file coords-v4.csv (CSV, C-alpha atoms)
chain,number,residue,atom,x,y,z
A,1,MET,CA,11.4,-20.6,-28.9
A,2,ARG,CA,12.6,-20.1,-25.3
A,3,LEU,CA,10.2,-18.1,-23.2
A,4,THR,CA,12.1,-15.7,-20.9
A,5,ARG,CA,11.1,-14.6,-17.5
A,6,ARG,CA,10.4,-11.1,-18.8
A,7,ASP,CA,8.2,-12.5,-21.6
A,8,ALA,CA,6.2,-14.4,-19.0
A,9,LEU,CA,5.7,-11.2,-16.9
A,10,ARG,CA,4.5,-9.3,-20.0
A,11,VAL,CA,2.1,-12.1,-20.9
A,12,VAL,CA,0.7,-12.0,-17.4
A,13,GLY,CA,0.4,-8.2,-17.5
A,14,ALA,CA,-1.3,-8.2,-20.9
A,15,GLY,CA,-3.7,-11.1,-20.2
A,16,THR,CA,-4.8,-10.7,-16.6
A,17,LEU,CA,-3.8,-7.5,-15.0
A,18,THR,CA,-6.6,-5.3,-16.3
A,19,GLY,CA,-7.7,-3.3,-13.3
A,20,LEU,CA,-6.6,-2.5,-9.8
A,21,ALA,CA,-9.4,-4.4,-8.1
A,22,GLY,CA,-9.4,-7.3,-10.6
A,23,CYS,CA,-8.4,-10.7,-9.6
A,24,LEU,CA,-6.6,-13.6,-11.4
A,25,SER,CA,-8.5,-16.9,-11.8
A,26,GLY,CA,-7.2,-20.4,-12.4
A,27,ASP,CA,-4.7,-22.7,-10.7
A,28,ASP,CA,-1.4,-20.8,-11.0
A,29,ALA,CA,1.6,-22.8,-9.9
A,30,GLY,CA,2.6,-21.7,-6.4
A,31,SER,CA,-0.6,-19.8,-5.8
A,32,THR,CA,-2.7,-20.2,-2.6
A,33,GLY,CA,-5.6,-18.1,-3.9
A,34,GLU,CA,-6.9,-15.7,-6.5
A,35,GLY,CA,-4.9,-12.5,-6.8
A,36,ARG,CA,-2.6,-10.3,-8.9
A,37,ALA,CA,1.0,-10.9,-9.7
A,38,ASP,CA,1.9,-7.3,-9.0
A,39,TRP,CA,1.2,-4.7,-6.3
A,40,PRO,CA,-0.4,-1.6,-8.0
A,41,HIS,CA,-1.7,0.4,-4.9
A,42,PRO,CA,0.6,1.4,-2.0
A,43,ASN,CA,-1.4,-1.1,0.1
A,44,PHE,CA,-2.0,-3.5,-2.7
A,45,SER,CA,-5.6,-2.6,-3.3
A,46,ALA,CA,-7.9,0.4,-2.8
A,47,GLN,CA,-9.4,-1.5,0.1
A,48,GLY,CA,-6.1,-1.0,1.9
A,49,THR,CA,-5.5,-4.7,2.9
A,50,SER,CA,-1.8,-4.9,2.1
A,51,TYR,CA,-2.5,-8.5,1.4
A,52,ASN,CA,-2.4,-10.4,-1.9
A,53,PRO,CA,-4.2,-13.8,-1.8
A,54,ARG,CA,-1.8,-15.1,-4.4
A,55,SER,CA,1.6,-16.3,-3.3
A,56,THR,CA,4.1,-13.8,-4.6
A,57,GLY,CA,7.6,-13.0,-3.4
A,58,PRO,CA,10.3,-15.4,-2.3
A,59,SER,CA,9.1,-18.5,-0.5
A,60,SER,CA,12.6,-19.3,0.8
A,61,LYS,CA,15.6,-17.2,1.7
A,62,PRO,CA,16.4,-15.0,-1.4
A,63,SER,CA,19.6,-13.3,-2.6
A,64,GLU,CA,19.9,-9.9,-4.1
A,65,ALA,CA,18.9,-10.0,-7.8
A,66,TRP,CA,19.7,-6.3,-8.4
A,67,GLY,CA,20.0,-3.0,-6.5
A,68,VAL,CA,20.0,0.6,-7.7
A,69,ASP,CA,20.7,3.9,-6.0
A,70,VAL,CA,17.6,6.0,-5.5
A,71,GLY,CA,19.3,9.2,-4.3
A,72,GLY,CA,17.2,9.7,-1.2
A,73,LEU,CA,14.5,8.3,0.9
A,74,GLY,CA,10.8,8.5,0.2
A,75,GLY,CA,9.5,6.5,3.2
A,76,THR,CA,6.7,4.7,1.3
A,77,ARG,CA,7.1,1.2,-0.1
A,78,PRO,CA,7.7,0.6,-3.9
A,79,THR,CA,4.7,0.0,-6.1
A,80,VAL,CA,4.7,-2.6,-8.9
A,81,TYR,CA,2.5,-2.6,-11.9
A,82,GLU,CA,3.0,-5.4,-14.5
A,83,ASP,CA,6.7,-5.5,-15.2
A,84,THR,CA,7.7,-2.1,-13.8
A,85,VAL,CA,8.7,-1.0,-10.3
A,86,TYR,CA,7.9,2.6,-9.2
A,87,TYR,CA,9.5,4.5,-6.4
A,88,ALA,CA,9.4,8.2,-5.4
A,89,THR,CA,11.6,10.2,-3.2
A,90,GLY,CA,10.7,13.7,-2.3
A,91,LYS,CA,12.3,15.0,-5.4
A,92,THR,CA,12.1,12.2,-8.1
A,93,LEU,CA,9.6,9.7,-9.4
A,94,ARG,CA,11.4,6.8,-11.1
A,95,ALA,CA,10.4,3.6,-13.0
A,96,PHE,CA,12.5,0.5,-13.1
A,97,ASP,CA,12.4,-2.8,-15.0
A,98,VAL,CA,11.3,-5.6,-12.7
A,99,GLU,CA,13.7,-8.1,-14.3
A,100,ASP,CA,17.1,-6.3,-14.0
A,101,GLY,CA,16.5,-2.9,-12.4
A,102,THR,CA,17.1,-0.9,-15.6
A,103,GLU,CA,15.8,2.6,-15.2
A,104,ARG,CA,13.0,3.2,-17.8
A,105,TRP,CA,12.3,6.9,-17.0
A,106,SER,CA,12.3,9.5,-14.2
A,107,VAL,CA,10.6,12.7,-13.4
A,108,ASN,CA,12.0,15.5,-11.2
A,109,VAL,CA,9.7,17.7,-9.2
A,110,GLU,CA,9.7,21.4,-9.8
A,111,SER,CA,11.8,23.8,-7.7
A,112,ASN,CA,10.6,24.4,-4.1
A,113,SER,CA,8.2,21.4,-4.5
A,114,GLY,CA,8.1,17.8,-3.4
A,115,PHE,CA,6.3,14.5,-4.1
A,116,ARG,CA,4.4,13.5,-1.0
A,117,SER,CA,2.0,10.6,-1.5
A,118,PRO,CA,2.9,7.0,-2.4
A,119,VAL,CA,2.7,6.0,-6.0
A,120,THR,CA,-0.5,4.4,-7.4
A,121,VAL,CA,-0.7,2.8,-10.9
A,122,ASP,CA,-3.5,1.5,-13.0
A,123,ALA,CA,-4.0,0.5,-16.7
A,124,ASP,CA,-4.3,4.2,-17.6
A,125,HIS,CA,-1.8,6.3,-15.6
A,126,VAL,CA,0.7,6.7,-12.8
A,127,TYR,CA,-0.6,8.9,-10.0
A,128,ILE,CA,1.3,10.8,-7.2
A,129,GLY,CA,0.6,13.7,-4.9
A,130,GLN,CA,2.8,16.8,-5.0
A,131,THR,CA,3.1,19.9,-2.8
A,132,GLY,CA,4.7,23.3,-3.7
A,133,ALA,CA,4.5,24.9,-7.1
A,134,ARG,CA,1.5,22.8,-8.1
A,135,THR,CA,0.0,21.2,-5.1
A,136,GLY,CA,-2.4,18.4,-6.0
A,137,VAL,CA,-2.4,15.1,-7.8
A,138,LEU,CA,-0.3,14.5,-10.9
A,139,ALA,CA,-1.0,11.8,-13.6
A,140,PHE,CA,1.7,10.4,-15.9
A,141,THR,CA,1.6,8.0,-18.8
A,142,HIS,CA,3.4,4.7,-18.3
A,143,ASP,CA,6.3,6.3,-20.2
A,144,GLY,CA,6.6,9.2,-17.8
A,145,GLU,CA,4.8,11.9,-19.7
A,146,GLU,CA,2.6,14.2,-17.7
A,147,VAL,CA,-1.1,13.9,-18.6
A,148,TRP,CA,-2.9,16.2,-16.1
A,149,HIS,CA,-2.7,18.0,-12.8
A,150,ALA,CA,-5.7,18.2,-10.4
A,151,PRO,CA,-5.2,21.0,-7.8
A,152,THR,CA,-5.9,20.4,-4.2
A,153,GLU,CA,-6.0,22.8,-1.2
A,154,SER,CA,-3.0,21.2,0.5
A,155,SER,CA,-0.6,18.3,0.4
A,156,VAL,CA,-1.8,14.9,-0.6
A,157,TRP,CA,-0.3,12.4,1.8
A,158,ALA,CA,-2.9,9.6,1.7
A,159,PRO,CA,-2.8,7.0,-1.0
A,160,ILE,CA,-4.6,7.9,-4.3
A,161,LEU,CA,-7.2,5.2,-5.0
A,162,ARG,CA,-8.8,3.7,-8.1
A,163,SER,CA,-11.4,1.4,-6.4
A,164,THR,CA,-13.5,0.6,-9.5
A,165,PRO,CA,-11.4,0.3,-12.7
A,166,ASP,CA,-14.4,0.3,-14.9
A,167,GLN,CA,-15.5,3.7,-13.6
A,168,ASP,CA,-13.6,6.9,-14.6
A,169,ARG,CA,-12.9,8.0,-11.0
A,170,LEU,CA,-10.1,8.4,-8.4
A,171,TYR,CA,-10.3,9.3,-4.8
A,172,ALA,CA,-7.7,11.6,-3.1
A,173,ALA,CA,-7.5,13.5,0.3
A,174,ASP,CA,-5.3,16.3,1.5
A,175,THR,CA,-4.0,17.7,4.8
A,176,ALA,CA,-6.5,20.6,4.7
A,177,GLY,CA,-9.2,17.9,5.3
A,178,TYR,CA,-10.7,17.7,1.9
A,179,VAL,CA,-11.6,14.5,0.1
A,180,PHE,CA,-11.8,14.6,-3.7
A,181,ARG,CA,-13.3,12.5,-6.5
A,182,ILE,CA,-11.2,13.1,-9.6
A,183,ARG,CA,-11.9,12.0,-13.1
A,184,ALA,CA,-9.1,9.6,-14.0
A,185,SER,CA,-9.1,10.4,-17.7
A,186,ASP,CA,-8.5,14.1,-17.5
A,187,GLY,CA,-8.1,15.2,-13.9
A,188,ARG,CA,-11.3,17.1,-13.5
A,189,ILE,CA,-12.5,17.3,-9.9
A,190,GLU,CA,-16.1,16.1,-9.8
A,191,TRP,CA,-16.7,16.8,-6.1
A,192,ARG,CA,-14.9,17.7,-2.9
A,193,THR,CA,-16.1,17.4,0.7
A,194,ARG,CA,-14.4,18.3,3.9
A,195,VAL,CA,-13.8,16.3,7.1
A,196,PHE,CA,-12.6,17.6,10.4
A,197,GLY,CA,-8.8,17.9,10.4
A,198,PRO,CA,-6.0,16.7,8.1
A,199,ALA,CA,-7.0,13.6,6.0
A,200,VAL,CA,-4.0,11.3,6.1
A,201,ARG,CA,-5.4,7.8,5.3
A,202,LEU,CA,-7.9,6.7,2.7
A,203,ALA,CA,-9.5,3.4,1.7
A,204,ALA,CA,-12.4,2.7,-0.7
A,205,GLN,CA,-14.4,-0.1,-2.2
A,206,PHE,CA,-17.5,-0.1,-4.4
A,207,GLY,CA,-19.3,3.2,-3.7
A,208,GLU,CA,-17.9,3.8,-0.3
A,209,VAL,CA,-14.9,5.8,0.9
A,210,VAL,CA,-13.5,5.7,4.4
A,211,VAL,CA,-11.2,8.6,5.6
A,212,GLY,CA,-8.8,8.6,8.5
A,213,THR,CA,-7.7,11.9,10.0
A,214,GLU,CA,-4.6,13.1,12.0
A,215,GLY,CA,-6.9,13.9,14.9
A,216,GLY,CA,-8.1,10.3,15.2
A,217,GLU,CA,-11.4,10.4,13.4
A,218,VAL,CA,-12.7,7.8,10.9
A,219,VAL,CA,-15.4,9.0,8.5
A,220,ALA,CA,-17.3,6.8,6.0
A,221,LEU,CA,-18.8,8.4,2.9
A,222,ASP,CA,-21.3,7.0,0.4
A,223,ASP,CA,-20.6,8.0,-3.2
A,224,ASP,CA,-23.6,7.1,-5.3
A,225,GLY,CA,-22.2,8.1,-8.7
A,226,PRO,CA,-21.7,10.8,-11.2
A,227,GLY,CA,-23.4,14.2,-10.5
A,228,ARG,CA,-24.1,13.5,-6.9
A,229,GLU,CA,-22.3,14.8,-3.8
A,230,PRO,CA,-21.2,12.2,-1.2
A,231,THR,CA,-23.3,11.6,1.9
A,232,GLY,CA,-22.0,10.7,5.3
A,233,LEU,CA,-22.5,7.2,6.6
A,234,TRP,CA,-20.9,7.3,10.0
A,235,ARG,CA,-18.1,9.1,11.9
A,236,THR,CA,-16.1,7.7,14.9
A,237,LYS,CA,-13.5,9.3,17.1
A,238,LEU,CA,-10.6,7.1,18.2
A,239,PRO,CA,-8.0,7.8,20.9
A,240,GLY,CA,-5.0,8.4,18.5
A,241,GLY,CA,-4.2,9.8,15.0
A,242,ILE,CA,-5.1,7.3,12.3
A,243,GLN,CA,-1.9,5.6,11.0
A,244,ALA,CA,-3.6,2.7,9.0
A,245,LEU,CA,-7.0,2.0,7.5
A,246,GLY,CA,-8.5,-0.8,5.5
A,247,TYR,CA,-11.6,-2.9,4.9
A,248,VAL,CA,-12.0,-6.4,6.3
A,249,THR,CA,-15.6,-6.9,5.0
A,250,SER,CA,-17.9,-5.1,2.7
A,251,SER,CA,-18.5,-2.4,5.3
A,252,ASP,CA,-16.3,-3.1,8.4
A,253,VAL,CA,-13.0,-1.4,8.6
A,254,VAL,CA,-9.9,-1.8,10.8
A,255,ALA,CA,-8.0,1.3,11.9
A,256,GLY,CA,-4.5,1.6,13.4
A,257,MET,CA,-3.8,4.6,15.7
A,258,PHE,CA,-0.7,6.4,16.8
A,259,GLY,CA,0.2,5.2,20.2
A,260,ALA,CA,-3.3,3.7,20.7
A,261,GLY,CA,-3.3,0.3,19.0
A,262,VAL,CA,-5.8,-1.3,16.6
A,263,ALA,CA,-9.6,-1.2,16.4
A,264,ARG,CA,-12.3,-2.8,14.3
A,265,LEU,CA,-15.2,-0.5,13.4
A,266,ARG,CA,-18.5,-1.9,12.4
A,267,GLY,CA,-20.2,-0.4,9.3
A,268,SER,CA,-23.7,-0.8,7.9
A,269,LEU,CA,-26.4,-0.6,10.5
A,270,ARG,CA,-23.9,-0.4,13.4
A,271,ALA,CA,-22.7,3.0,12.1
A,272,GLY,CA,-19.0,2.9,13.0
A,273,SER,CA,-19.3,1.4,16.5
A,274,VAL,CA,-16.1,-0.1,17.9
A,275,ASP,CA,-16.3,-3.9,17.8
A,276,TRP,CA,-12.9,-4.5,19.4
A,277,HIS,CA,-9.8,-2.6,20.4
A,278,ARG,CA,-6.3,-3.9,21.1
A,279,ASP,CA,-3.6,-1.6,22.3
A,280,GLU,CA,-0.5,-3.8,22.2
A,281,SER,CA,0.8,-2.7,18.8
A,282,SER,CA,0.5,0.8,17.2
A,283,PRO,CA,1.0,0.4,13.4
A,284,HIS,CA,3.0,2.6,11.0
A,285,ARG,CA,1.2,3.5,7.8
A,286,SER,CA,-0.6,0.2,7.1
A,287,LEU,CA,-1.9,-3.1,8.5
A,288,VAL,CA,-2.1,-6.5,6.8
A,289,LEU,CA,-5.7,-7.5,6.6
A,290,GLY,CA,-5.4,-11.1,5.6
A,291,PRO,CA,-7.9,-14.0,5.9
A,292,ASP,CA,-9.1,-14.3,9.5
A,293,ARG,CA,-6.3,-12.1,11.0
A,294,VAL,CA,-5.1,-8.6,11.3
A,295,TYR,CA,-1.3,-8.1,11.4
A,296,SER,CA,0.2,-5.0,13.0
A,297,THR,CA,3.9,-4.0,13.2
A,298,ASP,CA,5.7,-1.4,15.4
A,299,GLY,CA,9.0,-1.0,17.3
A,300,SER,CA,8.1,-4.0,19.5
A,301,GLY,CA,7.5,-6.5,16.8
A,302,ILE,CA,4.6,-8.0,14.8
A,303,HIS,CA,1.2,-8.8,16.4
A,304,ALA,CA,-1.4,-11.0,14.8
A,305,TYR,CA,-5.0,-10.7,16.0
A,306,ASP,CA,-8.2,-12.7,15.2
A,307,ASP,CA,-10.1,-10.3,13.0
A,308,SER,CA,-13.5,-11.3,14.4
A,309,ASP,CA,-12.9,-10.6,18.1
A,310,GLY,CA,-9.4,-9.1,18.3
A,311,SER,CA,-8.0,-11.9,20.4
A,312,PRO,CA,-4.2,-12.3,20.1
A,313,SER,CA,-3.1,-15.1,17.7
A,314,TRP,CA,0.7,-14.8,17.7
A,315,LYS,CA,3.5,-12.3,17.9
A,316,ALA,CA,7.3,-12.0,17.2
A,317,ASP,CA,9.7,-9.5,18.5
A,318,GLY,CA,11.6,-7.0,16.3
A,319,ASP,CA,12.2,-3.4,15.3
A,320,PHE,CA,9.4,-3.4,12.7
A,321,PHE,CA,8.6,0.3,12.3
A,322,ALA,CA,7.8,0.0,8.6
A,323,PRO,CA,4.4,-1.4,7.3
A,324,PRO,CA,4.1,-5.1,6.7
A,325,ALA,CA,2.9,-7.0,3.6
A,326,GLY,CA,1.2,-10.3,3.0
A,327,ALA,CA,1.0,-12.7,0.1
A,328,GLY,CA,-0.5,-16.1,0.1
A,329,ASP,CA,0.6,-17.8,3.3
A,330,THR,CA,3.5,-15.5,4.0
A,331,ILE,CA,3.8,-12.2,6.0
A,332,PHE,CA,6.8,-10.0,5.1
A,333,VAL,CA,8.1,-7.4,7.5
A,334,SER,CA,11.0,-4.9,7.4
A,335,ASP,CA,13.4,-4.6,10.2
A,336,THR,CA,14.4,-0.9,10.4
A,337,SER,CA,17.3,-1.4,12.9
A,338,ASP,CA,20.8,-0.6,11.8
A,339,ASP,CA,21.6,-4.3,11.2
A,340,GLY,CA,18.1,-5.3,10.1
A,341,GLY,CA,16.5,-6.4,6.8
A,342,VAL,CA,13.5,-8.3,5.7
A,343,VAL,CA,11.9,-11.1,7.7
A,344,ALA,CA,9.3,-13.6,6.4
A,345,TYR,CA,6.8,-15.4,8.6
A,346,ASP,CA,4.3,-18.1,8.1
A,347,ARG,CA,0.9,-16.4,8.2
A,348,SER,CA,-0.5,-19.0,10.6
A,349,GLY,CA,2.2,-18.3,13.2
A,350,GLY,CA,3.3,-21.9,13.5
A,351,ILE,CA,2.9,-23.6,16.9
A,352,GLY,CA,3.5,-22.2,20.3
A,353,VAL,CA,2.4,-19.5,22.7
A,354,GLY,CA,3.0,-15.7,22.3
A,355,SER,CA,6.4,-15.1,20.8
A,356,ALA,CA,7.7,-18.6,21.8
A,357,ARG,CA,6.8,-20.4,18.6
A,358,LEU,CA,8.0,-23.2,16.3
A,359,GLY,CA,7.6,-23.0,12.5
A,360,ASN,CA,6.6,-19.4,12.2
A,361,HIS,CA,9.9,-17.9,11.0
A,362,ARG,CA,10.7,-18.7,7.4
A,363,TRP,CA,13.8,-16.6,6.5
A,364,ASN,CA,15.7,-13.4,7.2
A,365,TYR,CA,17.7,-11.3,4.8
A,366,SER,CA,20.0,-8.6,6.1
A,367,LEU,CA,20.3,-5.2,4.5
A,368,GLU,CA,23.1,-2.6,4.9
A,369,GLY,CA,21.8,-0.1,7.4
A,370,GLY,CA,18.5,-1.8,7.6
A,371,ALA,CA,15.3,-1.4,5.7
A,372,VAL,CA,13.6,2.0,5.4
A,373,THR,CA,10.4,1.1,3.6
A,374,GLY,CA,7.8,-1.7,4.0
A,375,PRO,CA,8.4,-4.7,1.6
A,376,THR,CA,6.6,-5.2,-1.6
A,377,PRO,CA,6.1,-8.8,-2.8
A,378,ALA,CA,5.4,-9.0,-6.5
A,379,HIS,CA,5.9,-11.8,-9.1
A,380,ASP,CA,8.7,-13.9,-7.7
A,381,SER,CA,10.6,-11.0,-6.0
A,382,LEU,CA,10.5,-8.8,-3.0
A,383,PHE,CA,11.2,-5.1,-3.4
A,384,VAL,CA,12.5,-2.9,-0.5
A,385,VAL,CA,14.6,0.2,0.0
A,386,GLU,CA,17.7,-0.1,2.2
A,387,SER,CA,19.3,2.9,3.9
A,388,GLY,CA,22.9,2.0,3.0
A,389,GLY,CA,24.2,2.7,6.5
A,390,GLU,CA,26.2,5.8,7.6
A,391,ASP,CA,28.4,5.9,4.5
A,392,GLY,CA,26.2,4.4,1.9
A,393,SER,CA,23.3,5.7,-0.2
A,394,ALA,CA,19.7,4.5,-0.2
A,395,ARG,CA,19.1,1.7,-2.7
A,396,LEU,CA,16.0,0.0,-4.1
A,397,VAL,CA,16.7,-3.7,-3.9
A,398,ALA,CA,15.1,-6.7,-5.6
A,399,LEU,CA,15.3,-10.0,-3.6
A,400,ARG,CA,14.8,-13.2,-5.4
A,401,VAL,CA,15.5,-16.9,-5.0
A,402,ASP,CA,18.2,-18.1,-7.5

call {"tool": "encode", "arguments": {"input": "coords-v4.csv", "output": "structure tokens"}}
result
Amino acid sequence: MRLTRRDALRVVGAGTLTGLAGCLSGDDAGSTGEGRADWPHPNFSAQGTSYNPRSTGPSSKPSEAWGVDVGGLGGTRPTVYEDTVYYATGKTLRAFDVEDGTERWSVNVESNSGFRSPVTVDADHVYIGQTGARTGVLAFTHDGEEVWHAPTESSVWAPILRSTPDQDRLYAADTAGYVFRIRASDGRIEWRTRVFGPAVRLAAQFGEVVVGTEGGEVVALDDDGPGREPTGLWRTKLPGGIQALGYVTSSDVVAGMFGAGVARLRGSLRAGSVDWHRDESSPHRSLVLGPDRVYSTDGSGIHAYDDSDGSPSWKADGDFFAPPAGAGDTIFVSDTSDDGGVVAYDRSGGIGVGSARLGNHRWNYSLEGGAVTGPTPAHDSLFVVESGGEDGSARLVALRVD
């Protein structure tokens, strides 16, 4: 019997993708490390790394496998869980088949309402933030049926996180400054606590949650478990609104700021002290926190820093206003200029000095009107939304090597 590509994806999904923080083991062909085949959180994991140790996505220049109109722009990258791609605009949440782009289901938001957060998916549900008629977090089945609604005080812009799949809890944050722990099974809010100012970025691992605010504060919370309110670990003020946030070790985090660069903050006994700060690149929505390096993109290009001391490693020029993604030894970035597309770089940066380098550029694929979301590498494909130019409509595109 011939095993189709879709069959292979389903086998992978059934046998190994059993939790957002879980990892694959074994020597998979083409893999440079343990990781998942999909991309279930907006930034790959609850830790906010935007990096998959496993080599997913095209390793050489791809072509378009399929493209579908999505009717509008959502601004956040597509999410992939097992063999389904999820993308939400302000008005519609839709699910597509990874293989051929067939739409599986869609949900329209209520009148005078809108979807706001990126999509997060786990083995139980599909989660998204909504504002308007029922402001809060919504959970759907993998078939698009609503399961529960957890009300929040204001809009949920930050990613919704499932940091420990074996525990029945989610974390969410809203623009009124509240952070919530929500029971994943039924949407019950188990606790809420408030930070100073709109909470716009969120990362979590184990029993710790780190929150980034619009006003430039990073707050770390300790969540000991059921029945206990969170306690504050540390709080640090940075010189710009928090645009990106993620863990680089068990307690250290890296924050990207609006107009103020990138900084590493020490956790544990150092209580949020700034370890290093680089102001060359101010990221948009996420960083790539890969092995040994931090990758930041903005309108000037991509900058790679040594994660231990912040020293510059390499850079490349480009209109990279969307958040980057990493998988294995490749960094993928979206060029948001009118004639841009997706660019793939060798994670090491090749050989050279600054932006004058040899061997760092792998391939470039142009999109009509440029890319409007960060790229999502999953399985053997790369998923991105193109604007369609002045006369076209926005499309979700799957890029794949023939």

call {"tool": "residues_around", "arguments": {"input": "coords-v4.csv", "residues": "A:Val219", "least_positions_apart": "5", "cutoff": "9 Å", "atoms": "all atoms listed in the file", "output": "ChimeraX atom specification"}}
result
/A:195,209-213,232-237,272

call {"tool": "atom_distance", "arguments": {"input": "coords-v4.csv", "atom1": "atom CA of A:His303", "atom2": "atom CA of A:Glu280"}}
result
7.8 Å

call {"tool": "atom_distance", "arguments": {"input": "coords-v4.csv", "atom1": "atom CA of A:Glu82", "atom2": "atom CA of A:Pro118"}}
result
17.3 Å

call {"tool": "closest_residue", "arguments": {"input": "coords-v4.csv", "among": "A:Phe321, A:Tyr365, A:Phe140, A:Tyr87", "to": "A:Ser117", "atoms": "only C-alpha atoms"}}
result
A:Tyr87

call {"tool": "atom_distance", "arguments": {"input": "coords-v4.csv", "atom1": "atom CA of A:Arg36", "atom2": "atom CA of A:Ser55"}}
result
9.2 Å

call {"tool": "closest_residue", "arguments": {"input": "coords-v4.csv", "among": "A:Gly328, A:Gly349, A:Pro151, A:Pro230", "to": "A:Pro312", "atoms": "all atoms listed in the file"}}
result
A:Gly349
